[in-house]
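Next comes data-v8.cif, a file with mmCIF, C-alpha atoms.
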data_start
#
loop_
_atom_site.label_atom_id
_atom_site.label_comp_id
_atom_site.auth_asym_id
_atom_site.auth_seq_id
_atom_site.Cartn_x
_atom_site.Cartn_y
_atom_site.Cartn_z
CA MET A 19 145.96 97.46 63.67
CA LYS A 20 144.23 94.71 61.76
CA THR A 21 144.05 92.67 64.87
CA LYS A 22 142.40 95.56 66.80
CA CYS A 23 139.70 95.86 64.13
CA VAL A 24 138.96 92.19 64.21
CA ARG A 25 138.78 92.29 67.98
CA SER A 26 136.39 95.28 68.10
CA ALA A 27 134.26 93.77 65.35
CA GLY A 28 134.22 90.60 67.35
CA TRP A 29 132.17 92.10 70.22
CA ALA A 30 130.19 94.54 68.05
CA LEU A 31 128.91 91.91 65.65
CA PRO A 32 126.68 90.10 68.13
CA LEU A 33 125.32 93.43 69.25
CA LEU A 34 124.47 94.35 65.68
CA LEU A 35 122.81 90.99 65.04
CA GLY A 36 120.85 91.33 68.24
CA ALA A 37 119.63 94.78 67.25
CA LEU A 38 118.62 93.53 63.81
CA LEU A 39 116.76 90.61 65.36
CA LEU A 40 114.85 92.89 67.73
CA ALA A 41 113.93 95.22 64.90
CA ALA A 42 112.71 92.33 62.78
CA CYS A 43 110.52 91.00 65.59
CA ALA A 44 109.08 94.34 66.74
CA GLY A 45 108.03 95.66 63.28
CA PRO A 46 105.44 93.05 62.16
CA ALA A 47 103.85 92.96 65.61
CA ALA A 48 103.10 96.66 65.55
CA THR A 49 101.61 96.38 62.05
CA GLU A 50 99.23 93.57 63.07
CA GLN A 51 97.99 95.52 66.02
CA ALA A 52 97.26 98.52 63.81
CA ALA A 53 95.45 96.35 61.27
CA ALA A 54 93.29 94.83 64.01
CA GLU A 55 92.00 98.21 65.14
CA PRO A 56 88.77 99.14 63.32
CA THR A 57 89.02 102.30 61.33
CA ALA A 58 85.31 102.96 61.60
CA PRO A 59 82.54 101.54 63.76
CA PRO A 60 80.95 99.19 61.17
CA ALA A 61 77.92 97.86 62.89
CA THR A 62 77.41 100.34 65.65
CA VAL A 63 75.49 102.82 63.47
CA ALA A 64 72.82 100.27 62.85
CA SER A 65 72.70 99.10 66.39
CA LEU A 66 72.75 102.44 68.16
CA PRO A 67 69.54 103.79 69.47
CA THR A 68 68.14 106.69 67.55
CA THR A 69 69.02 109.26 70.13
CA ALA A 70 72.66 108.23 70.12
CA VAL A 71 72.85 108.37 66.33
CA LEU A 72 71.25 111.76 66.24
CA SER A 73 73.61 113.09 68.84
CA ALA A 74 76.57 111.66 66.97
CA ALA A 75 75.40 112.88 63.59
CA PRO A 76 77.56 115.53 62.01
CA THR A 77 76.11 118.95 61.89
CA SER A 78 77.02 119.49 58.24
CA GLY A 79 73.90 119.46 56.12
CA ALA A 80 75.17 117.06 53.45
CA ALA A 81 75.98 114.13 55.69
CA ALA A 82 73.05 114.34 58.06
CA PRO A 83 70.33 112.90 55.77
CA GLU A 84 72.52 109.90 54.92
CA ILE A 85 72.99 109.02 58.54
CA LEU A 86 69.36 109.54 59.35
CA ALA A 87 68.37 107.34 56.40
CA ALA A 88 70.62 104.59 57.65
CA THR A 89 69.22 104.87 61.12
CA PRO A 90 66.91 101.98 61.87
CA THR A 91 63.46 103.07 62.85
CA VAL A 92 62.54 101.95 66.29
CA PRO A 93 59.41 99.77 66.04
CA PRO A 94 56.43 101.12 67.98
CA THR A 95 56.06 99.50 71.31
CA GLU A 96 53.21 97.02 71.59
CA PRO A 97 50.32 98.24 73.78
CA SER A 98 50.07 96.41 77.03
CA PRO A 99 47.13 94.02 77.50
CA ALA A 100 45.63 96.46 79.97
CA ALA A 101 45.81 99.29 77.43
CA GLU A 102 44.23 97.07 74.77
CA ALA A 103 41.42 96.20 77.16
CA GLU A 104 40.80 99.89 77.76
CA ILE A 105 40.52 100.55 74.04
CA ALA A 106 38.33 97.53 73.38
CA ALA A 107 35.91 98.11 76.23
CA PRO A 108 34.77 101.72 76.52
CA ALA A 109 32.78 102.78 79.51
CA PRO A 110 29.14 101.73 79.21
CA ALA A 111 26.84 104.49 78.03
CA ASP A 112 24.51 106.16 80.50
CA TRP A 113 21.33 105.64 78.49
CA VAL A 114 19.04 106.76 81.29
CA ASN A 115 20.61 110.20 81.09
CA THR A 116 20.74 110.28 77.31
CA ALA A 117 18.04 112.15 75.39
CA PHE A 118 17.60 113.26 71.84
CA VAL A 119 14.98 114.71 69.53
CA ASP A 120 13.23 112.55 66.94
CA GLY A 121 10.51 114.40 65.06
CA ASP A 122 7.99 115.66 67.62
CA TYR A 123 9.39 113.46 70.37
CA PHE A 124 11.98 114.04 73.05
CA VAL A 125 13.31 110.52 73.37
CA ARG A 126 15.16 109.11 76.37
CA GLY A 127 17.61 106.23 76.02
CA ASN A 128 19.75 104.52 73.44
CA PRO A 129 19.11 106.03 69.98
CA ALA A 130 19.75 102.54 68.54
CA ALA A 131 17.41 100.73 70.94
CA PRO A 132 15.29 98.19 69.04
CA ILE A 133 12.07 99.07 70.89
CA ARG A 134 10.41 102.44 71.47
CA LEU A 135 7.85 102.76 74.24
CA VAL A 136 5.61 105.78 73.72
CA ASP A 137 3.64 106.93 76.74
CA PHE A 138 0.39 108.75 75.83
CA SER A 139 -0.33 110.64 79.00
CA ASP A 140 -1.31 113.85 80.75
CA PHE A 141 0.61 115.29 83.66
CA LEU A 142 -2.62 115.84 85.59
CA VAL B 14 3.89 104.85 83.00
CA LEU B 15 4.87 106.75 86.12
CA ARG B 16 4.28 103.88 88.50
CA VAL B 17 6.54 101.45 86.67
CA GLU B 18 8.89 103.90 85.02
CA PRO B 19 11.71 103.31 87.54
CA GLU B 20 11.67 99.59 86.77
CA ILE B 21 11.58 100.16 83.01
CA LEU B 22 14.46 102.63 83.24
CA ARG B 23 16.47 100.22 85.36
CA ASP B 24 15.83 97.02 83.44
CA TYR B 25 15.41 98.16 79.84
CA VAL B 26 16.46 101.76 79.19
CA ALA B 27 19.72 101.51 81.15
CA ALA B 28 20.58 98.38 79.17
CA GLY B 29 20.03 100.23 75.89
CA ALA B 30 17.22 97.88 74.87
CA VAL B 31 14.30 100.31 75.08
CA GLN B 32 13.90 104.03 74.49
CA LEU B 33 11.10 106.13 75.96
CA ALA B 34 9.03 108.79 74.25
CA PHE B 35 6.15 110.88 75.56
CA HIS B 36 3.04 111.87 73.64
CA HIS B 37 1.03 114.87 74.86
CA VAL B 38 -2.52 114.18 75.99
CA LEU B 39 -4.51 117.27 76.98
CA ASP B 40 -7.45 116.08 79.05
CA HIS B 41 -7.72 118.99 81.49
CA GLY B 42 -7.86 122.13 79.39
CA ALA B 43 -5.61 125.04 80.29
CA ALA B 44 -3.99 123.25 83.22
CA SER B 45 -2.90 120.39 80.99
CA GLN B 46 -1.74 122.76 78.31
CA THR B 47 0.45 124.74 80.71
CA ALA B 48 2.09 121.58 81.99
CA HIS B 49 2.79 120.20 78.52
CA LEU B 50 4.08 123.58 77.35
CA ALA B 51 6.47 123.55 80.31
CA ALA B 52 7.85 120.17 79.29
CA GLU B 53 8.24 121.31 75.68
CA CYS B 54 9.96 124.53 76.72
CA ALA B 55 12.38 122.66 78.97
CA GLY B 56 13.14 120.31 76.08
CA SER B 57 13.75 123.22 73.76
CA GLN B 58 16.74 124.13 75.92
CA ALA B 59 18.08 120.57 76.22
CA PRO B 60 16.44 117.24 75.31
CA LEU B 61 17.22 115.74 78.70
CA ALA B 62 15.61 118.76 80.39
CA PHE B 63 12.30 117.63 78.87
CA TRP B 64 12.58 114.46 80.95
CA ARG B 65 13.69 116.29 84.08
CA MET B 66 10.67 118.56 83.75
CA HIS B 67 8.48 115.54 82.94
CA ASP B 68 9.52 113.97 86.25
CA LEU B 69 8.94 117.20 88.21
CA LEU B 70 5.50 117.76 86.67
CA PHE B 71 4.36 114.28 87.69
CA GLU B 72 5.79 114.74 91.18
CA ARG B 73 4.02 118.09 91.66
CA GLN B 74 0.69 117.51 89.98
CA ASP B 75 -1.09 119.38 92.74
CA GLN B 76 0.66 122.62 91.72
CA LEU B 77 -0.45 122.42 88.10
CA TRP B 78 -4.09 123.39 88.50
CA GLN B 79 -3.17 127.08 88.58
CA ALA B 80 -2.72 126.80 84.83
CA ASN B 81 -0.29 129.69 84.46
CA VAL B 82 3.37 130.13 83.82
CA ASP B 83 4.06 131.20 87.39
CA ALA B 84 3.26 127.69 88.54
CA VAL B 85 5.89 126.08 86.34
CA ALA B 86 8.55 128.81 86.11
CA PRO B 87 10.01 127.87 89.53
CA MET B 88 10.48 124.32 88.24
CA ALA B 89 12.44 125.67 85.28
CA ASP B 90 14.57 127.66 87.71
CA GLU B 91 15.09 124.54 89.78
CA LEU B 92 16.35 122.70 86.72
CA GLY B 93 18.78 125.52 85.95
CA LEU B 94 17.07 126.53 82.74
CA ASP B 95 17.27 129.98 81.18
CA ALA B 96 14.27 131.69 82.80
CA ALA B 97 13.74 134.35 80.12
CA ALA B 98 13.95 131.82 77.30
CA PHE B 99 11.56 129.56 79.17
CA ARG B 100 8.91 132.29 79.51
CA THR B 101 9.37 133.32 75.88
CA CYS B 102 8.85 129.71 74.80
CA MET B 103 5.76 129.36 77.02
CA ALA B 104 4.18 132.33 75.24
CA ASP B 105 5.19 131.18 71.77
CA PRO B 106 2.14 130.16 69.67
CA ALA B 107 4.31 127.57 67.92
CA THR B 108 4.77 125.66 71.17
CA GLU B 109 1.04 125.67 71.84
CA ALA B 110 0.40 124.57 68.25
CA LYS B 111 2.74 121.61 68.66
CA VAL B 112 1.15 120.19 71.82
CA THR B 113 -2.35 120.77 70.42
CA ARG B 114 -1.46 119.02 67.18
CA MET B 115 0.02 116.05 69.01
CA ASP B 116 -3.08 115.77 71.17
CA GLN B 117 -5.23 115.77 68.04
CA GLU B 118 -3.03 113.08 66.50
CA ARG B 119 -3.63 110.70 69.39
CA ARG B 120 -7.37 111.34 69.12
CA ASP B 121 -7.21 110.58 65.42
CA ARG B 122 -5.37 107.39 66.26
CA GLY B 123 -8.11 106.36 68.64
CA VAL B 124 -6.16 106.75 71.85
CA ARG B 125 -8.81 107.58 74.46
CA LEU B 126 -7.71 105.92 77.67
CA ARG B 127 -4.99 107.25 79.90
CA PRO B 128 -2.41 106.00 80.02
CA THR B 129 -1.95 104.24 76.73
CA PHE B 130 1.35 102.83 75.55
CA ASP B 131 2.70 102.18 72.12
CA ILE B 132 5.23 99.40 72.61
CA GLY B 133 7.02 98.68 69.39
CA GLY B 134 3.90 99.58 67.41
CA ARG B 135 1.44 97.69 69.63
CA LEU B 136 -1.06 99.77 71.64
CA VAL B 137 -1.52 98.71 75.25
CA GLU B 138 -4.21 100.53 77.26
CA GLY B 139 -4.53 101.23 80.95
CA ALA B 140 -2.31 101.26 83.98
CA ILE B 141 -0.83 97.83 83.51
CA PRO B 142 1.43 96.17 86.08
CA TYR B 143 5.14 95.79 85.52
CA GLU B 144 4.84 92.08 84.81
CA THR B 145 2.58 92.86 81.86
CA PHE B 146 5.17 95.33 80.56
CA ARG B 147 7.79 92.62 80.78
CA THR B 148 5.65 90.23 78.79
CA VAL B 149 4.84 92.77 76.09
CA LEU B 150 8.45 93.91 75.86
CA ALA B 151 9.64 90.31 75.59
CA GLU B 152 7.21 89.75 72.73
CA ALA B 153 8.36 92.95 71.04
CA GLN B 154 11.99 91.84 71.32
CA GLN B 155 11.29 88.61 69.39
#
Go ahead and render the structure in this file as structure tokens.
Amino acid sequence: MKTKCVRSAGWALPLLLGALLLAACAGPAATEQAAAEPTAPPATVASLPTTAVLSAAPTSGAAAPEILAATPTVPPTEPSPAAEAEIAAPAPADWVNTAFVDGDYFVRGNPAAPIRLVDFSDFL
Amino acid sequence: VLRVEPEILRDYVAAGAVQLAFHHVLDHGAASQTAHLAAECAGSQAPLAFWRMHDLLFERQDQLWQANVDAVAPMADELGLDAAAFRTCMADPATEAKVTRMDQERRDRGVRLRPTFDIGGRLVEGAIPYETFRTVLAEAQQ
């Protein structure tokens, strides 16, 4: 009987050691993998475009302002050189077809013109 | 100024350097008065209409001797002015008083010749050529 036990323990012992060894190797590996996974997207909130943040924002009223406050404002796009040129150079005024009243006179031309030419004349 | 007005408009007014004004001179009685009233009444509807009427009156001088509103009313129609308002203005004593007063002012100032020009405060008499205008305007610009 004692001999039978020793014999059965003889083939079971390596199996047991092997199982223990496998368990010891598999456990820490799974823990490292879990630790490497981010629990929250740390930098993506700041880097997401506004539309994405707004669409991902929770609908509960308390959390929404915090997320919106953390959302970076998108800087206004710089106007193109062509657009700047349009702003800087308005269409020239049509002074020939500009008229205004100044006292008794109906005056034709640029109101800021440095010289006024008054024509004393009759139509006949 | 009629003869050289196109050049002045092109070279000076269009560039914003000179503005034009017109001073009423009534040398031909009722005919003159009707024409100047017409210009005033066009201007009373829109300042630029004064100048449109001014151009038409010079172009159609031969029609002005009738000295009545029926001679100038078609011009107002042609310019798209309010016909009723135009006739009301033509009959308004205030309009007549204005052109008469302005005519008296030029007499008081000693303006006798036609045309006479006040260019930046300097009186220039007679129908001067365009080159003379250029010289006087250049002096006024300095």
Expected answer as JSON, numbers by chain: chain B residues within 9 Å of chain A, only C-alpha atoms: {"B": [14, 22, 23, 26, 27, 28, 29, 30, 31, 32, 33, 34, 35, 36, 37, 38, 39, 40, 41, 44, 45, 48, 49, 53, 56, 59, 60, 61, 62, 63, 64, 67, 70, 71, 74, 75, 77, 78, 111, 115, 119, 124, 126, 127, 128, 129, 130, 131, 132, 133, 134, 150, 153, 154]}
Coordinates-based distance that separates CA of Thr47 (chain B) from CA of Ala80 (chain B) (Å, one decimal): 5.6 Å
For CA of Ala107 (chain B) and CA of Arg73 (chain B), the interatomic separation in Å (one decimal):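 Rounded to one decimal, the two atoms are 25.6 Å apart.
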Please provide the set of residues having any atom within 8 Å of Tyr143 (chain B), restricted to all atoms listed in the file, with same-chain residues fewer than 2 positions apart removed, written as a compact mmCIF listing (two decimals) with C-alpha atoms, in the coordinates of the input.
# COMPACT_ATOMS: atom_id res chain seq x y z
CA VAL B 17 6.54 101.45 86.67
CA GLU B 20 11.67 99.59 86.77
CA ILE B 141 -0.83 97.83 83.51
CA THR B 145 2.58 92.86 81.86
CA PHE B 146 5.17 95.33 80.56
CA ARG B 147 7.79 92.62 80.78
Atom-to-atom span, CA of Leu50 (chain B) and CA of Glu118 (chain B), Å: 16.7 Å
Convert the output of the PyMOL selection byres ((chain B and resi 82) around 10) on the shown file into explicit residues, formatted as a short mmCIF file (atom, residue, chain, number, x, y, z; two decimals) with C-alpha atoms, keeping the file's coordinate frame.
data_model
loop_
_atom_site.label_atom_id
_atom_site.label_comp_id
_atom_site.auth_asym_id
_atom_site.auth_seq_id
_atom_site.Cartn_x
_atom_site.Cartn_y
_atom_site.Cartn_z
CA THR B 47 0.45 124.74 80.71
CA ALA B 48 2.09 121.58 81.99
CA LEU B 50 4.08 123.58 77.35
CA ALA B 51 6.47 123.55 80.31
CA LEU B 77 -0.45 122.42 88.10
CA GLN B 79 -3.17 127.08 88.58
CA ALA B 80 -2.72 126.80 84.83
CA ASN B 81 -0.29 129.69 84.46
CA ASP B 83 4.06 131.20 87.39
CA ALA B 84 3.26 127.69 88.54
CA VAL B 85 5.89 126.08 86.34
CA ALA B 86 8.55 128.81 86.11
CA PRO B 87 10.01 127.87 89.53
CA PHE B 99 11.56 129.56 79.17
CA ARG B 100 8.91 132.29 79.51
CA MET B 103 5.76 129.36 77.02
CA ALA B 104 4.18 132.33 75.24
#
